[in-house]
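Below: one structure, written as structure tokens.
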Amino acid sequence: MAELVDKILLEIERLNEADSLELSRLLAVNHQSVVGAIKSLQSLGDIIKVEDVQNKRWELTEEGNSILKNGSHEALVYQAIPNDGIVQAQLMATVPNAKVGFSKAMSAGWIKVDKNCEGGSRVFRQVESIKDAVKECLEKIANLGIGDVTDTEKNEYKKRKLITEVKETSYKIKKGENFTTTVSKPQIDLTPEMISSGSWKTTQFKPYNFQALGAPVTTGHLHPLLKVREQYRQIFLEMGFSEMPTNNYVESSFWNFDALFQPQQHPARDAHDTFFISDPATASAFPMDYLEKVKEVHSIGGYGSQGYKYDWKLEEAEKNILRTHTTAVSARMLYKLAQEKEFRPVKYFSIDRVFRNENLDATHLAEFQQIEGVVADRGLTLGDLMGTINQFFCKLGITNLRFKPAYNPYTEPSLKKWVEIGNSGVFRPELLLPMGLPKDVSVIAWGLSLERPTMIKYAIDNIRDLVGPKVNLKMVYDNPLCRLEK
Ligand code: PHE
């Protein structure tokens, strides 16, 4: 394009003025390209002056072109006649467009018909030679547009549909105020170099287009789960909770189950429900005096409990698994808390991944994120649990809660909500006292999944659209910020 623009400017310089059709011929470039180059020159300020010109031009029709190639219909009829004439019917059957050709050749006096011949009417040539004026005339039109063709001829050929008139706009170009043969593209940005060299004074700048859309900024995008997680985290922080370190997906059965007073025969500890690690298959370095107490409370009881009365085995507790809940971390944190010299109340939360050997379907994956809250203080009651959970869900915009008992080995009573959104309870003394927490300390805790509220929030009904290889990245890019109604 730039090259064509330069060529056009050089032609204008030479000719002072030129028509775009003429330029197209001179530069051997199609007219449309010349027009494009002219338009781009026009946008650069007053370099050229442009005027529209309406042109009419004659062009051969398809039939006209075939005459140009093969001769007129009348000439073809004439040429098809041998010296001794031809039967009219045969002539009419062999020559294309014979009807027109015959009548034209007759009126031109090129041929004659003898009706009284043997075998029917016979056609003879009447002149020695002919001049195919139609073909010659069409040649002129084809080469020169219209040339010196007379109006009569033009009208006749138009009537015979050998030529048609085409209208075409071309542009007459003259030099403008700022005519130059070297156009430089206007600059878009002022650069430090232009300032230091002073070239900005003479540089042409492209005017700003304030209507233009900005180029989209490339940024990272948070997955909806991360956005919702952030909202939950915010709620916990507002409520004065601090985050637990959940950066260990691999956990020992001891912390995941035994410490939580979950008996070793419990079905959740089966490979059908839990992923066991093969390498390293077992964990070690347990706090041994605490482990002894856990063993005791399981097998013979204590702290007012009769325990489960079975043969507790270290081998079972040593088994490494992918943690099935973040409550394993809560257990570690409570144990740690119990080791402090003096008890202090705590409010902990975590939001992280847990793993279960589930049958995969539209709402279940083998891993999900668990949201968990834990409060430890002296004299906490079921009322505190319900109050705290109420406050937590209120901040999510869920105000109408019902509490209903359900089973957890480690809490008492265990509660579930209508829609299975969360699970909660007060930790049993069999769990807290072996850790060494004071007798009057109670711990309330609750847990829910991050995926379910996210799916509701983002109207995603198949968990595979939210997590895993089938996630549409566009969904991640396009999804809005998460705002949980308050
Ligand atoms: N660990 C429970 C679960 O996985 C959640 C929970 C946490 C329940 C704390 C009660 C107390 O469903």
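In the structure tokens, chains take letters A, B, ... by order of appearance, with residues numbered from 1 within each chain and ligands from 1 in the order shown.
Within the 6 Å cut-off around stretch 353-355 of chain A, using only C-alpha atoms and omitting residues fewer than 4 positions from it on the same chain, the listed residues are Leu322, Arg323, Thr324, His325, Ala366, Glu367, Phe368 and Gln369 of chain A.
Considering only C-alpha atoms and all ligand atoms, every residue of the polymer chains approaching ligand 1 to 9 Å or closer is listed here: Thr324, His325, Thr326, Thr327, Ala328, Ser330, Val354, Gln370, Ile371, Glu372, Gly373, Val374, Asn408, Tyr410, Thr411, Ser414, Leu415, Gly422, Asn423, Ser424, Gly425, Val426, Phe427, Ile444, Ala445, Trp446, Gly447, Leu448 and Ser449 of chain A.
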Could you jot down the atom CA of A:Ala338 to atom CA of A:Leu291 separation for me, Å, one decimal place? 14.1 Å
Helix (DSSP H, G or I) per DSSP on the backbone: members of stretch 128-354 of chain A, as a PyMOL selection string: chain A and resi 133-144+151-159+192-197+199-201+224-238+253-256+258-260+267-269+288-299+314-318+327-339
Those residues with C-alpha atoms, as a PDB file, in the first residue's frame please?
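Output saved as result.pdb:
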ATOM      1  CA  ALA A 133     -18.570  -4.281 -39.211  1.00  0.00           C
ATOM      2  CA  VAL A 134     -20.278  -5.500 -36.067  1.00  0.00           C
ATOM      3  CA  LYS A 135     -17.216  -7.412 -34.950  1.00  0.00           C
ATOM      4  CA  GLU A 136     -14.912  -4.495 -35.763  1.00  0.00           C
ATOM      5  CA  CYS A 137     -17.111  -2.110 -33.892  1.00  0.00           C
ATOM      6  CA  LEU A 138     -17.255  -4.361 -30.844  1.00  0.00           C
ATOM      7  CA  GLU A 139     -13.477  -4.576 -30.976  1.00  0.00           C
ATOM      8  CA  LYS A 140     -13.270  -0.813 -30.705  1.00  0.00           C
ATOM      9  CA  ILE A 141     -15.678  -0.786 -27.785  1.00  0.00           C
ATOM     10  CA  ALA A 142     -13.812  -3.540 -26.022  1.00  0.00           C
ATOM     11  CA  ASN A 143     -10.471  -1.816 -26.395  1.00  0.00           C
ATOM     12  CA  LEU A 144     -11.344   1.838 -26.021  1.00  0.00           C
ATOM     13  CA  ASP A 151     -24.756   6.678 -31.608  1.00  0.00           C
ATOM     14  CA  THR A 152     -26.737   4.619 -34.124  1.00  0.00           C
ATOM     15  CA  GLU A 153     -24.325   1.736 -33.827  1.00  0.00           C
ATOM     16  CA  LYS A 154     -24.237   2.068 -30.060  1.00  0.00           C
ATOM     17  CA  ASN A 155     -28.042   2.037 -29.829  1.00  0.00           C
ATOM     18  CA  GLU A 156     -28.324  -0.889 -32.173  1.00  0.00           C
ATOM     19  CA  TYR A 157     -25.794  -3.006 -30.234  1.00  0.00           C
ATOM     20  CA  LYS A 158     -27.432  -2.039 -27.012  1.00  0.00           C
ATOM     21  CA  LYS A 159     -30.761  -3.197 -28.430  1.00  0.00           C
ATOM     22  CA  PRO A 192      11.383  10.619  24.736  1.00  0.00           C
ATOM     23  CA  GLU A 193      13.580  10.555  21.610  1.00  0.00           C
ATOM     24  CA  MET A 194      11.317  13.047  19.819  1.00  0.00           C
ATOM     25  CA  ILE A 195      11.533  15.362  22.807  1.00  0.00           C
ATOM     26  CA  SER A 196      15.287  15.200  23.176  1.00  0.00           C
ATOM     27  CA  SER A 197      15.944  15.593  19.454  1.00  0.00           C
ATOM     28  CA  SER A 199      11.791  16.370  16.124  1.00  0.00           C
ATOM     29  CA  TRP A 200       8.353  16.564  17.759  1.00  0.00           C
ATOM     30  CA  LYS A 201       8.071  20.133  16.486  1.00  0.00           C
ATOM     31  CA  PRO A 224     -14.609 -18.994  40.551  1.00  0.00           C
ATOM     32  CA  LEU A 225     -13.628 -21.288  43.429  1.00  0.00           C
ATOM     33  CA  LEU A 226     -10.840 -18.904  44.341  1.00  0.00           C
ATOM     34  CA  LYS A 227     -13.171 -15.926  44.175  1.00  0.00           C
ATOM     35  CA  VAL A 228     -15.737 -17.561  46.435  1.00  0.00           C
ATOM     36  CA  ARG A 229     -12.965 -18.786  48.715  1.00  0.00           C
ATOM     37  CA  GLU A 230     -11.809 -15.201  49.093  1.00  0.00           C
ATOM     38  CA  GLN A 231     -15.298 -14.158  50.176  1.00  0.00           C
ATOM     39  CA  TYR A 232     -15.468 -16.882  52.793  1.00  0.00           C
ATOM     40  CA  ARG A 233     -12.039 -16.035  54.033  1.00  0.00           C
ATOM     41  CA  GLN A 234     -13.145 -12.414  54.361  1.00  0.00           C
ATOM     42  CA  ILE A 235     -16.140 -13.439  56.455  1.00  0.00           C
ATOM     43  CA  PHE A 236     -13.934 -15.476  58.797  1.00  0.00           C
ATOM     44  CA  LEU A 237     -11.472 -12.629  59.096  1.00  0.00           C
ATOM     45  CA  GLU A 238     -14.274 -10.174  59.875  1.00  0.00           C
ATOM     46  CA  SER A 253      -4.823 -41.903  59.849  1.00  0.00           C
ATOM     47  CA  PHE A 254      -3.931 -40.953  63.398  1.00  0.00           C
ATOM     48  CA  TRP A 255      -4.648 -37.241  62.952  1.00  0.00           C
ATOM     49  CA  ASN A 256      -7.360 -37.732  60.381  1.00  0.00           C
ATOM     50  CA  ASP A 258      -7.920 -41.591  65.681  1.00  0.00           C
ATOM     51  CA  ALA A 259      -7.329 -38.195  67.224  1.00  0.00           C
ATOM     52  CA  LEU A 260     -10.925 -37.398  66.307  1.00  0.00           C
ATOM     53  CA  PRO A 267     -16.439 -47.656  57.450  1.00  0.00           C
ATOM     54  CA  ALA A 268     -15.056 -44.218  56.477  1.00  0.00           C
ATOM     55  CA  ARG A 269     -11.610 -45.663  57.160  1.00  0.00           C
ATOM     56  CA  MET A 288       3.750 -40.686  71.988  1.00  0.00           C
ATOM     57  CA  ASP A 289       2.206 -39.819  75.344  1.00  0.00           C
ATOM     58  CA  TYR A 290      -0.786 -38.279  73.531  1.00  0.00           C
ATOM     59  CA  LEU A 291      -0.983 -41.299  71.226  1.00  0.00           C
ATOM     60  CA  GLU A 292      -1.106 -43.548  74.303  1.00  0.00           C
ATOM     61  CA  LYS A 293      -4.043 -41.535  75.623  1.00  0.00           C
ATOM     62  CA  VAL A 294      -5.843 -41.779  72.312  1.00  0.00           C
ATOM     63  CA  LYS A 295      -5.285 -45.524  72.308  1.00  0.00           C
ATOM     64  CA  GLU A 296      -6.664 -45.712  75.827  1.00  0.00           C
ATOM     65  CA  VAL A 297      -9.789 -43.687  75.199  1.00  0.00           C
ATOM     66  CA  HIS A 298     -10.595 -45.812  72.134  1.00  0.00           C
ATOM     67  CA  SER A 299      -9.957 -49.174  73.749  1.00  0.00           C
ATOM     68  CA  LEU A 314      -0.789 -48.498  66.026  1.00  0.00           C
ATOM     69  CA  GLU A 315      -0.436 -49.981  62.493  1.00  0.00           C
ATOM     70  CA  GLU A 316      -3.886 -48.690  61.664  1.00  0.00           C
ATOM     71  CA  ALA A 317      -3.104 -45.193  62.977  1.00  0.00           C
ATOM     72  CA  GLU A 318       0.219 -45.064  61.105  1.00  0.00           C
ATOM     73  CA  THR A 327     -10.712 -31.480  60.621  1.00  0.00           C
ATOM     74  CA  ALA A 328      -7.421 -33.404  60.739  1.00  0.00           C
ATOM     75  CA  VAL A 329      -5.702 -30.015  60.748  1.00  0.00           C
ATOM     76  CA  SER A 330      -8.112 -28.776  63.407  1.00  0.00           C
ATOM     77  CA  ALA A 331      -7.101 -31.765  65.555  1.00  0.00           C
ATOM     78  CA  ARG A 332      -3.416 -30.924  65.151  1.00  0.00           C
ATOM     79  CA  MET A 333      -4.080 -27.270  65.988  1.00  0.00           C
ATOM     80  CA  LEU A 334      -6.123 -28.123  69.084  1.00  0.00           C
ATOM     81  CA  TYR A 335      -3.432 -30.500  70.280  1.00  0.00           C
ATOM     82  CA  LYS A 336      -0.860 -27.751  69.775  1.00  0.00           C
ATOM     83  CA  LEU A 337      -3.061 -25.333  71.647  1.00  0.00           C
ATOM     84  CA  ALA A 338      -3.355 -27.782  74.529  1.00  0.00           C
ATOM     85  CA  GLN A 339       0.455 -27.889  74.802  1.00  0.00           C
TER      86      GLN A 339
END
Each residue of stretch 198-264 of chain A with at least one atom at most 10 Å from stretch 306-312 of chain A should appear once, together with its nearest atom pair and the corresponding distance in Å (one decimal); atoms considered: only C-alpha atoms; ordering: chain, then increasing residue number; output as JSON lines.
{"residue": "A:Asp258", "atom": "CA", "partner": "A:Trp312", "partner_atom": "CA", "distance": 9.4}
{"residue": "A:Phe261", "atom": "CA", "partner": "A:Gly307", "partner_atom": "CA", "distance": 9.0}
{"residue": "A:Gln262", "atom": "CA", "partner": "A:Tyr308", "partner_atom": "CA", "distance": 9.5}
{"residue": "A:Pro263", "atom": "CA", "partner": "A:Tyr308", "partner_atom": "CA", "distance": 7.1}
{"residue": "A:Gln264", "atom": "CA", "partner": "A:Trp312", "partner_atom": "CA", "distance": 7.1}
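Among the candidate residues A:Ser43, A:Thr180, A:Thr191, A:Asn359, the one lying nearest to A:Leu10 is A:Thr180, with distances computed using only C-alpha atoms.
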From A:Phe392, A:Glu358, A:Pro469, A:Lys347, residue lying nearest A:Val443 [only C-alpha atoms]: A:Lys347
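For the pair atom CA of A:Val77 and atom CA of A:Gly64, the separation is 16.6 Å.
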Could you name the residues that touch A:Glu13 at 10 Å or less, counting only C-alpha atoms, but leaving out those on the same chain fewer than 5 positions away, as an MDAnalysis selection string? chainID A and resid 7:8 18 174:175 179:181
Residue selection dump (N, CA and C atoms) as a short mmCIF file (atom, residue, chain, number, x, y, z; two decimals), in the first residue's frame:
data_model
loop_
_atom_site.label_atom_id
_atom_site.label_comp_id
_atom_site.auth_asym_id
_atom_site.auth_seq_id
_atom_site.Cartn_x
_atom_site.Cartn_y
_atom_site.Cartn_z
N LYS A 7 3.76 5.83 -5.50
CA LYS A 7 3.69 5.84 -6.97
C LYS A 7 2.63 6.83 -7.46
N ILE A 8 1.50 6.83 -6.76
CA ILE A 8 0.42 7.74 -7.15
C ILE A 8 0.87 9.18 -7.00
N ALA A 18 -4.74 13.80 -12.20
CA ALA A 18 -4.98 12.51 -12.84
C ALA A 18 -6.27 11.91 -12.32
N LYS A 174 -5.96 16.17 -7.66
CA LYS A 174 -5.05 17.30 -7.89
C LYS A 174 -4.17 17.45 -6.66
N LYS A 175 -3.14 18.30 -6.81
CA LYS A 175 -2.26 18.52 -5.66
C LYS A 175 -3.00 19.34 -4.60
N PHE A 179 0.88 19.27 -0.59
CA PHE A 179 1.30 18.18 -1.47
C PHE A 179 2.78 17.84 -1.25
N THR A 180 3.05 16.57 -1.21
CA THR A 180 4.43 16.10 -1.08
C THR A 180 4.47 14.72 -1.73
N THR A 181 5.64 14.34 -2.15
CA THR A 181 5.74 12.99 -2.72
C THR A 181 6.27 12.01 -1.69
#
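Atom pair atom CA of A:Ile163 / atom CA of A:Thr150 has a distance of 13.6 Å (rounded to one decimal).
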All residues 10 Å or closer to A:Val53, only C-alpha atoms, same chain fewer than 5 positions away omitted, as a PDB file with N, CA and C atoms, in the first residue's frame:
ATOM      1  N   ASP A  19      -6.831  11.066 -13.122  1.00  0.00           N
ATOM      2  CA  ASP A  19      -8.043  10.360 -12.716  1.00  0.00           C
ATOM      3  C   ASP A  19      -7.644   8.975 -12.217  1.00  0.00           C
ATOM      4  N   SER A  20      -8.404   8.515 -11.241  1.00  0.00           N
ATOM      5  CA  SER A  20      -8.030   7.226 -10.650  1.00  0.00           C
ATOM      6  C   SER A  20      -8.041   6.091 -11.684  1.00  0.00           C
ATOM      7  N   GLU A 168     -19.481   3.983 -13.254  1.00  0.00           N
ATOM      8  CA  GLU A 168     -18.341   3.772 -12.385  1.00  0.00           C
ATOM      9  C   GLU A 168     -17.923   5.120 -11.826  1.00  0.00           C
ATOM     10  N   THR A 169     -17.604   5.107 -10.527  1.00  0.00           N
ATOM     11  CA  THR A 169     -17.120   6.350  -9.944  1.00  0.00           C
ATOM     12  C   THR A 169     -15.598   6.318  -9.972  1.00  0.00           C
ATOM     13  N   SER A 170     -15.035   7.384 -10.440  1.00  0.00           N
ATOM     14  CA  SER A 170     -13.579   7.468 -10.327  1.00  0.00           C
ATOM     15  C   SER A 170     -13.268   8.776  -9.624  1.00  0.00           C
ATOM     16  N   TYR A 171     -12.025   9.022  -9.378  1.00  0.00           N
ATOM     17  CA  TYR A 171     -11.656  10.204  -8.602  1.00  0.00           C
ATOM     18  C   TYR A 171     -10.619  11.015  -9.350  1.00  0.00           C
ATOM     19  N   LYS A 172     -10.943  12.304  -9.436  1.00  0.00           N
ATOM     20  CA  LYS A 172      -9.992  13.189 -10.087  1.00  0.00           C
ATOM     21  C   LYS A 172      -9.114  13.758  -8.982  1.00  0.00           C
TER      22      LYS A 172
END
If we count only C-alpha atoms, what is near A:Pro82 at a cut-off of 12 Å, once residues fewer than 2 positions away on the same chain are taken out, given as a PDB file with C-alpha atoms, in the first residue's frame?
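The resulting file, result30.pdb, is reproduced below:
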ATOM      1  CA  VAL A  77     -24.302 -17.364 -41.642  1.00  0.00           C
ATOM      2  CA  TYR A  78     -22.514 -15.924 -44.697  1.00  0.00           C
ATOM      3  CA  GLN A  79     -19.415 -18.031 -44.075  1.00  0.00           C
ATOM      4  CA  ALA A  80     -21.456 -21.192 -43.670  1.00  0.00           C
ATOM      5  CA  ASP A  84     -23.059 -23.650 -54.748  1.00  0.00           C
ATOM      6  CA  GLY A  85     -25.414 -22.582 -51.933  1.00  0.00           C
ATOM      7  CA  ILE A  86     -26.984 -24.606 -49.149  1.00  0.00           C
ATOM      8  CA  VAL A  87     -30.452 -25.884 -48.349  1.00  0.00           C
ATOM      9  CA  GLN A  88     -32.016 -23.211 -46.104  1.00  0.00           C
ATOM     10  CA  LEU A  91     -28.175 -23.738 -42.866  1.00  0.00           C
ATOM     11  CA  ILE A 111     -27.130 -13.500 -49.240  1.00  0.00           C
ATOM     12  CA  ARG A 122     -31.663 -22.751 -51.135  1.00  0.00           C
ATOM     13  CA  VAL A 123     -29.451 -19.929 -49.844  1.00  0.00           C
ATOM     14  CA  PHE A 124     -26.623 -18.439 -51.926  1.00  0.00           C
ATOM     15  CA  ARG A 125     -23.951 -15.844 -51.305  1.00  0.00           C
ATOM     16  CA  GLN A 126     -24.766 -12.627 -53.144  1.00  0.00           C
ATOM     17  CA  GLU A 128     -17.886 -11.896 -53.139  1.00  0.00           C
TER      18      GLU A 128
END
From a DSSP calculation on the backbone, collect every residue of stretch 229-343 of chain A in strand (DSSP E or B) and output the set as a compact mmCIF listing (two decimals) with N, CA and C atoms, in the first residue's frame.
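Saved to states.txt:
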# COMPACT_ATOMS: atom_id res chain seq x y z
N SER A 242 -8.52 -16.82 62.68
CA SER A 242 -7.25 -16.85 61.96
C SER A 242 -7.10 -18.18 61.24
N GLU A 243 -6.30 -18.16 60.16
CA GLU A 243 -6.27 -19.29 59.24
C GLU A 243 -5.31 -20.37 59.72
N VAL A 250 -1.29 -34.99 52.44
CA VAL A 250 -1.07 -36.34 52.98
C VAL A 250 -1.11 -36.23 54.50
N GLU A 251 -1.87 -37.11 55.09
CA GLU A 251 -2.06 -37.05 56.54
C GLU A 251 -2.01 -38.48 57.07
N SER A 252 -1.69 -38.61 58.32
CA SER A 252 -1.73 -39.96 58.90
C SER A 252 -3.15 -40.25 59.35
N PHE A 276 -5.57 -44.42 50.28
CA PHE A 276 -4.39 -44.75 51.08
C PHE A 276 -3.14 -44.50 50.24
N THR A 282 3.42 -45.36 55.62
CA THR A 282 3.13 -45.06 57.03
C THR A 282 3.79 -43.78 57.50
N GLY A 302 -12.33 -43.63 79.43
CA GLY A 302 -11.72 -42.66 80.32
C GLY A 302 -12.44 -41.34 80.17
N SER A 305 -15.92 -41.62 79.80
CA SER A 305 -16.45 -42.37 78.64
C SER A 305 -16.05 -43.83 78.75
N LYS A 319 -1.12 -45.50 59.15
CA LYS A 319 -1.35 -45.50 57.69
C LYS A 319 -1.51 -44.09 57.12
N ASN A 320 -0.72 -43.82 56.07
CA ASN A 320 -0.84 -42.52 55.40
C ASN A 320 -2.02 -42.51 54.44
N ILE A 321 -2.72 -41.43 54.43
CA ILE A 321 -3.87 -41.28 53.53
C ILE A 321 -3.86 -39.88 52.95
N LEU A 322 -4.70 -39.64 51.94
CA LEU A 322 -4.99 -38.26 51.56
C LEU A 322 -6.07 -37.80 52.52
Residue with the minimum atom-to-atom distance to A:Leu27, picked from A:Met244, A:Leu9, A:Leu4, A:Ile47 with only C-alpha atoms counted, is A:Leu4
Which residue is closest to A:Val467? Choose from A:Leu162, A:Leu450, A:Leu437, A:Val183 and count only C-alpha atoms. A:Leu450
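Residue nearest A:Gly301 within the list A:Val375, A:Ile389, A:Leu433, A:Met239: A:Leu433 [criterion: smallest interatomic distance, only C-alpha atoms].
Proximity ranking of A:Pro96, A:Ile173, A:Lys112, A:Val166 relative to A:Val35 places A:Ile173 first, based on only C-alpha atoms.
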Spatial neighbours of A:Thr164, 9 Å, only C-alpha atoms, chain gap at least 6 places, as a ChimeraX atom specification: /A:57-61,157-158
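Excluding stretch 100-103 of chain A and any residue on its chain fewer than 4 positions from it, the residues at most 7 Å away by only C-alpha atoms are His73, Glu74, Val77 and Ser107 of chain A.
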